[in-house]
$ cat upload08.txt   # compact mmCIF, C-alpha atoms
# COMPACT_ATOMS: atom_id res chain seq x y z
CA MET A 1 36.29 3.85 0.12
CA ILE A 2 36.01 1.64 3.21
CA VAL A 3 33.44 3.93 4.82
CA GLU A 4 31.37 4.09 1.64
CA GLY A 5 31.45 0.30 1.33
CA GLN A 6 30.31 -0.09 4.93
CA VAL A 7 27.45 2.37 4.48
CA HIS A 8 26.41 0.85 1.14
CA GLY A 9 26.28 -2.56 2.80
CA GLY A 10 24.24 -1.20 5.70
CA ILE A 11 21.74 0.47 3.38
CA VAL A 12 21.27 -2.72 1.37
CA GLN A 13 20.88 -4.73 4.57
CA GLY A 14 18.13 -2.35 5.71
CA VAL A 15 16.39 -2.43 2.34
CA GLY A 16 16.46 -6.22 2.50
CA GLN A 17 14.93 -6.16 5.96
CA ALA A 18 12.16 -3.81 4.81
CA LEU A 19 11.30 -5.51 1.51
CA MET A 20 12.31 -9.15 1.42
CA GLU A 21 13.92 -10.83 4.42
CA ALA A 22 11.60 -12.85 6.64
CA ALA A 23 12.54 -15.53 9.14
CA VAL A 24 9.51 -17.84 9.37
CA TYR A 25 9.04 -20.28 12.24
CA ASP A 26 6.57 -23.14 12.58
CA LYS A 27 4.05 -22.04 15.22
CA SER A 28 3.72 -25.45 16.83
CA THR A 29 7.38 -26.52 16.97
CA GLY A 30 9.37 -23.30 16.73
CA GLN A 31 11.37 -24.84 13.86
CA LEU A 32 12.81 -22.35 11.39
CA THR A 33 11.11 -23.04 8.05
CA SER A 34 12.96 -20.43 6.00
CA GLY A 35 16.42 -21.75 6.79
CA SER A 36 17.85 -21.93 3.27
CA TYR A 37 18.32 -19.45 0.45
CA MET A 38 15.56 -21.30 -1.40
CA ASP A 39 13.12 -19.94 1.23
CA TYR A 40 14.83 -16.79 2.51
CA THR A 41 15.35 -13.84 0.17
CA MET A 42 18.33 -11.54 0.58
CA PRO A 43 19.14 -8.46 -1.46
CA ARG A 44 21.72 -8.78 -4.20
CA ALA A 45 23.40 -6.27 -6.47
CA ASP A 46 20.76 -6.84 -9.16
CA THR A 47 17.81 -6.25 -6.77
CA VAL A 48 18.76 -2.84 -5.39
CA PRO A 49 19.16 0.46 -7.22
CA SER A 50 22.43 2.29 -7.59
CA PHE A 51 22.81 5.16 -5.14
CA LYS A 52 25.31 7.82 -4.16
CA LEU A 53 26.29 8.77 -0.63
CA GLY A 54 26.68 12.12 1.00
CA TYR A 55 28.25 12.65 4.37
CA LYS A 56 29.69 15.21 6.73
CA VAL A 57 32.80 14.46 8.77
CA THR A 58 32.09 14.92 12.48
CA PRO A 59 34.90 13.68 14.72
CA CYS A 60 33.87 11.80 17.84
CA PRO A 61 34.60 13.87 20.97
CA HIS A 62 34.91 10.80 23.21
CA ASN A 63 38.27 9.40 22.10
CA PRO A 64 41.63 10.92 21.22
CA LEU A 65 41.53 9.80 17.57
CA GLY A 66 38.03 11.14 16.92
CA VAL A 67 37.02 7.85 15.26
CA LYS A 68 33.67 6.08 15.33
CA GLY A 69 31.84 3.26 13.60
CA CYS A 70 30.14 3.76 10.27
CA GLY A 71 28.51 0.50 9.15
CA GLU A 72 25.39 0.99 11.25
CA ALA A 73 24.57 4.33 9.67
CA GLY A 74 22.92 2.83 6.60
CA ALA A 75 21.27 -0.09 8.38
CA ILE A 76 19.52 2.08 10.97
CA ALA A 77 17.67 4.50 8.70
CA SER A 78 17.02 2.51 5.54
CA PRO A 79 14.21 0.20 6.79
CA ALA A 80 12.27 3.19 8.12
CA ALA A 81 12.85 5.18 4.94
CA VAL A 82 11.70 2.32 2.72
CA MET A 83 8.61 1.54 4.81
CA ASN A 84 7.68 5.24 4.96
CA ALA A 85 7.89 5.31 1.15
CA VAL A 86 5.65 2.24 0.92
CA HIS A 87 3.10 3.80 3.28
CA ASP A 88 3.26 7.14 1.45
CA ALA A 89 2.61 5.36 -1.85
CA LEU A 90 -0.35 3.38 -0.51
CA GLY A 91 -1.86 6.06 1.73
CA PRO A 92 -3.98 7.65 -1.01
CA ILE A 93 -5.87 4.35 -1.46
CA GLY A 94 -6.53 4.01 2.26
CA VAL A 95 -3.82 1.57 3.31
CA LYS A 96 -2.75 2.39 6.87
CA HIS A 97 -0.27 -0.44 7.53
CA VAL A 98 1.90 -2.93 5.66
CA GLU A 99 3.79 -5.62 7.57
CA MET A 100 7.53 -5.91 7.14
CA PRO A 101 8.84 -7.23 4.94
CA ALA A 102 6.77 -5.39 2.37
CA THR A 103 6.68 -8.34 0.00
CA PRO A 104 4.28 -8.27 -2.94
CA LEU A 105 1.97 -10.58 -0.96
CA ASN A 106 1.98 -8.39 2.16
CA VAL A 107 1.35 -5.27 0.07
CA TRP A 108 -1.47 -6.97 -1.86
CA GLN A 109 -3.10 -8.22 1.35
CA SER A 110 -2.88 -4.74 2.84
CA ILE A 111 -4.49 -3.26 -0.24
CA GLN A 112 -7.25 -5.85 -0.09
CA GLY A 113 -7.80 -5.16 3.61
CA THR A 114 -7.17 -8.79 4.53
CA HIS A 115 -3.79 -8.45 6.20
CA ARG A 116 -4.04 -8.77 9.96
CA ALA A 117 -1.34 -7.53 12.30
CA ALA A 118 0.32 -10.15 14.50
CA ALA A 119 -1.29 -10.64 17.87
CA ALA A 120 0.14 -8.31 20.45
$ encode --input "upload08.txt" --output "structure tokens"
Amino acid sequence: MIVEGQVHGGIVQGVGQALMEAAVYDKSTGQLTSGSYMDYTMPRADTVPSFKLGYKVTPCPHNPLGVKGCGEAGAIASPAAVMNAVHDALGPIGVKHVEMPATPLNVWQSIQGTHRAAAA
């Protein structure tokens, strides 16, 4: 139960990163402008689908107990999986890139061809 809770939390954290969370800073002052929950969206139980986990037990060979962390497992793969799904969905209409987070505005701008990648 603890492992599943950790992985669920990590998956939701990654989905939030891919679809909704965006720290926005003022370009001239560096001041965080999305510093409250009125301006910064985080995933909640009612904004993510229900999902089931599958796993395979593989003991760690580097310590005598065979234990290892588990919370990162969901957070590492979920942003990439979500963004790959977004790109797969929009590929047939010619969209090559959508900025993270893939908010409705970012997706719309990508579809319209007006979204510009941040300066490198």
$ atom_distance --input "upload08.txt" --atom1 "CA of Gln6 in chain A" --atom2 "CA of Ser34 in chain A"
26.8 Å
$ residues_around --input "upload08.txt" --residues "range 64-74 of chain A" --least-positions-apart "2" --cutoff "8 Å" --atoms "all atoms listed in the file" --output "PyMOL selection string"
chain A and resi 3+6-12+14+59-62+76-78
$ atom_distance --input "upload08.txt" --atom1 "CA of Val95 in chain A" --atom2 "CA of Leu19 in chain A"
16.8 Å
$ residues_around --input "upload08.txt" --residues "Ser110 in chain A" --least-positions-apart "3" --cutoff "12 Å" --atoms "only C-alpha atoms" --output "VMD selection string"
chain A and resid 86 to 87 90 to 91 93 to 100 102 to 107 113 to 117
$ closest_residue --input "upload08.txt" --among "A:Gly16, A:Val24, A:Ser36, A:Pro79" --to "Val48 in chain A" --atoms "all atoms listed in the file"
A:Gly16
$ closest_residue --input "upload08.txt" --among "A:Pro43, A:Thr58, A:Ala18, A:Gly30" --to "Asn84 in chain A" --atoms "only C-alpha atoms"
A:Ala18
$ atom_distance --input "upload08.txt" --atom1 "CA of Ala89 in chain A" --atom2 "CA of Ala45 in chain A"
24.3 Å
$ axis_aligned_box --input "upload08.txt" --around "range 72-83 of chain A" --padding-each-side "6 Å" --output "AutoDock Vina command-line options"
--center_x 17.0 --center_y 2.5 --center_z 7.0 --size_x 28.8 --size_y 17.3 --size_z 20.5
$ decode --input "upload08.txt" --residues "chain A" --atoms "C-alpha atoms" --output "mmCIF file, in the first residue's frame"
data_model
loop_
_atom_site.group_PDB
_atom_site.id
_atom_site.type_symbol
_atom_site.label_atom_id
_atom_site.label_comp_id
_atom_site.auth_asym_id
_atom_site.auth_seq_id
_atom_site.Cartn_x
_atom_site.Cartn_y
_atom_site.Cartn_z
ATOM 1 C CA MET A 1 0.000 0.000 0.000
ATOM 2 C CA ILE A 2 2.812 2.451 0.793
ATOM 3 C CA VAL A 3 4.606 1.710 -2.480
ATOM 4 C CA GLU A 4 1.412 2.103 -4.498
ATOM 5 C CA GLY A 5 0.667 5.417 -2.780
ATOM 6 C CA GLN A 6 4.166 6.682 -3.538
ATOM 7 C CA VAL A 7 3.934 5.672 -7.197
ATOM 8 C CA HIS A 8 0.416 7.102 -7.560
ATOM 9 C CA GLY A 9 1.663 10.395 -6.140
ATOM 10 C CA GLY A 10 4.640 10.403 -8.490
ATOM 11 C CA ILE A 11 2.471 9.733 -11.529
ATOM 12 C CA VAL A 12 0.089 12.546 -10.621
ATOM 13 C CA GLN A 13 3.028 14.886 -10.005
ATOM 14 C CA GLY A 14 4.362 14.094 -13.483
ATOM 15 C CA VAL A 15 0.956 14.531 -15.113
ATOM 16 C CA GLY A 16 0.675 17.908 -13.393
ATOM 17 C CA GLN A 17 4.083 18.914 -14.702
ATOM 18 C CA ALA A 18 3.143 17.898 -18.247
ATOM 19 C CA LEU A 19 -0.349 19.400 -18.369
ATOM 20 C CA MET A 20 -0.836 22.203 -15.881
ATOM 21 C CA GLU A 21 1.991 23.343 -13.617
ATOM 22 C CA ALA A 22 3.896 26.422 -14.762
ATOM 23 C CA ALA A 23 6.095 28.687 -12.682
ATOM 24 C CA VAL A 24 5.970 32.093 -14.392
ATOM 25 C CA TYR A 25 8.522 34.809 -13.676
ATOM 26 C CA ASP A 26 8.463 38.478 -14.642
ATOM 27 C CA LYS A 27 11.147 38.902 -17.315
ATOM 28 C CA SER A 28 12.347 42.285 -16.087
ATOM 29 C CA THR A 29 12.451 41.657 -12.322
ATOM 30 C CA GLY A 30 12.640 37.888 -11.941
ATOM 31 C CA GLN A 31 9.670 38.057 -9.548
ATOM 32 C CA LEU A 32 7.541 34.915 -9.405
ATOM 33 C CA THR A 33 4.104 35.895 -10.724
ATOM 34 C CA SER A 34 2.412 32.515 -10.255
ATOM 35 C CA GLY A 35 3.142 32.275 -6.544
ATOM 36 C CA SER A 36 -0.344 31.407 -5.277
ATOM 37 C CA TYR A 37 -2.838 28.667 -6.007
ATOM 38 C CA MET A 38 -4.961 31.301 -7.742
ATOM 39 C CA ASP A 39 -2.256 31.457 -10.449
ATOM 40 C CA TYR A 40 -0.576 28.049 -10.255
ATOM 41 C CA THR A 41 -2.550 24.924 -11.135
ATOM 42 C CA MET A 42 -1.791 21.616 -9.441
ATOM 43 C CA PRO A 43 -3.444 18.272 -10.112
ATOM 44 C CA ARG A 44 -6.133 17.121 -7.726
ATOM 45 C CA ALA A 45 -8.050 13.882 -7.376
ATOM 46 C CA ASP A 46 -10.851 15.238 -9.571
ATOM 47 C CA THR A 47 -8.490 16.268 -12.411
ATOM 48 C CA VAL A 48 -6.697 12.971 -13.013
ATOM 49 C CA PRO A 49 -8.129 9.644 -14.140
ATOM 50 C CA SER A 50 -8.190 6.543 -12.005
ATOM 51 C CA PHE A 51 -5.422 4.094 -12.841
ATOM 52 C CA LYS A 52 -4.073 0.744 -11.733
ATOM 53 C CA LEU A 53 -0.431 -0.121 -11.162
ATOM 54 C CA GLY A 54 1.583 -3.100 -12.230
ATOM 55 C CA TYR A 55 5.040 -3.866 -10.956
ATOM 56 C CA LYS A 56 7.709 -6.502 -10.715
ATOM 57 C CA VAL A 57 9.732 -6.948 -7.533
ATOM 58 C CA THR A 58 13.450 -6.623 -8.274
ATOM 59 C CA PRO A 59 15.607 -6.480 -5.142
ATOM 60 C CA CYS A 60 18.459 -3.991 -5.163
ATOM 61 C CA PRO A 61 21.826 -5.799 -5.325
ATOM 62 C CA HIS A 62 23.703 -2.924 -3.648
ATOM 63 C CA ASN A 63 22.524 -3.272 -0.046
ATOM 64 C CA PRO A 64 21.918 -6.196 2.296
ATOM 65 C CA LEU A 65 18.159 -5.574 2.596
ATOM 66 C CA GLY A 66 17.574 -5.320 -1.158
ATOM 67 C CA VAL A 67 15.523 -2.137 -0.682
ATOM 68 C CA LYS A 68 15.294 0.905 -2.918
ATOM 69 C CA GLY A 69 13.200 4.025 -3.380
ATOM 70 C CA CYS A 70 9.908 3.931 -5.225
ATOM 71 C CA GLY A 71 8.383 7.422 -5.303
ATOM 72 C CA GLU A 72 10.436 8.592 -8.258
ATOM 73 C CA ALA A 73 9.234 5.781 -10.501
ATOM 74 C CA GLY A 74 5.970 7.484 -11.407
ATOM 75 C CA ALA A 75 7.355 11.015 -11.578
ATOM 76 C CA ILE A 76 10.134 10.143 -14.028
ATOM 77 C CA ALA A 77 8.115 8.526 -16.806
ATOM 78 C CA SER A 78 4.727 10.222 -16.609
ATOM 79 C CA PRO A 79 5.630 13.651 -18.100
ATOM 80 C CA ALA A 80 7.248 11.978 -21.106
ATOM 81 C CA ALA A 81 4.328 9.582 -21.541
ATOM 82 C CA VAL A 82 1.765 12.381 -21.392
ATOM 83 C CA MET A 83 3.666 14.666 -23.773
ATOM 84 C CA ASN A 84 4.222 11.779 -26.216
ATOM 85 C CA ALA A 85 0.452 11.186 -26.162
ATOM 86 C CA VAL A 86 -0.187 14.884 -26.848
ATOM 87 C CA HIS A 87 2.267 14.866 -29.756
ATOM 88 C CA ASP A 88 0.840 11.607 -31.122
ATOM 89 C CA ALA A 89 -2.661 13.100 -31.014
ATOM 90 C CA LEU A 90 -1.638 16.310 -32.780
ATOM 91 C CA GLY A 91 0.865 14.833 -35.247
ATOM 92 C CA PRO A 92 -1.728 14.027 -37.918
ATOM 93 C CA ILE A 93 -2.609 17.736 -38.196
ATOM 94 C CA GLY A 94 1.027 18.764 -38.535
ATOM 95 C CA VAL A 95 1.859 19.876 -35.008
ATOM 96 C CA LYS A 96 5.511 19.100 -34.309
ATOM 97 C CA HIS A 97 5.911 20.615 -30.824
ATOM 98 C CA VAL A 98 3.821 21.677 -27.836
ATOM 99 C CA GLU A 99 5.454 23.473 -24.918
ATOM 100 C CA MET A 100 5.086 22.050 -21.435
ATOM 101 C CA PRO A 101 2.783 22.405 -19.738
ATOM 102 C CA ALA A 102 0.390 21.374 -22.478
ATOM 103 C CA THR A 103 -2.306 23.772 -21.338
ATOM 104 C CA PRO A 104 -5.272 24.410 -23.601
ATOM 105 C CA LEU A 105 -3.645 27.710 -24.624
ATOM 106 C CA ASN A 106 -0.290 26.107 -25.487
ATOM 107 C CA VAL A 107 -2.016 23.357 -27.471
ATOM 108 C CA TRP A 108 -4.202 25.882 -29.310
ATOM 109 C CA GLN A 109 -1.205 28.078 -30.148
ATOM 110 C CA SER A 110 0.688 25.047 -31.430
ATOM 111 C CA ILE A 111 -2.245 24.069 -33.604
ATOM 112 C CA GLN A 112 -2.465 27.607 -34.951
ATOM 113 C CA GLY A 113 1.273 27.657 -35.648
ATOM 114 C CA THR A 114 1.776 30.730 -33.471
ATOM 115 C CA HIS A 115 3.569 29.152 -30.539
ATOM 116 C CA ARG A 116 7.250 29.977 -30.516
ATOM 117 C CA ALA A 117 9.796 27.966 -28.565
ATOM 118 C CA ALA A 118 11.718 29.834 -25.875
ATOM 119 C CA ALA A 119 14.964 31.369 -27.019
ATOM 120 C CA ALA A 120 17.836 28.961 -26.671
#
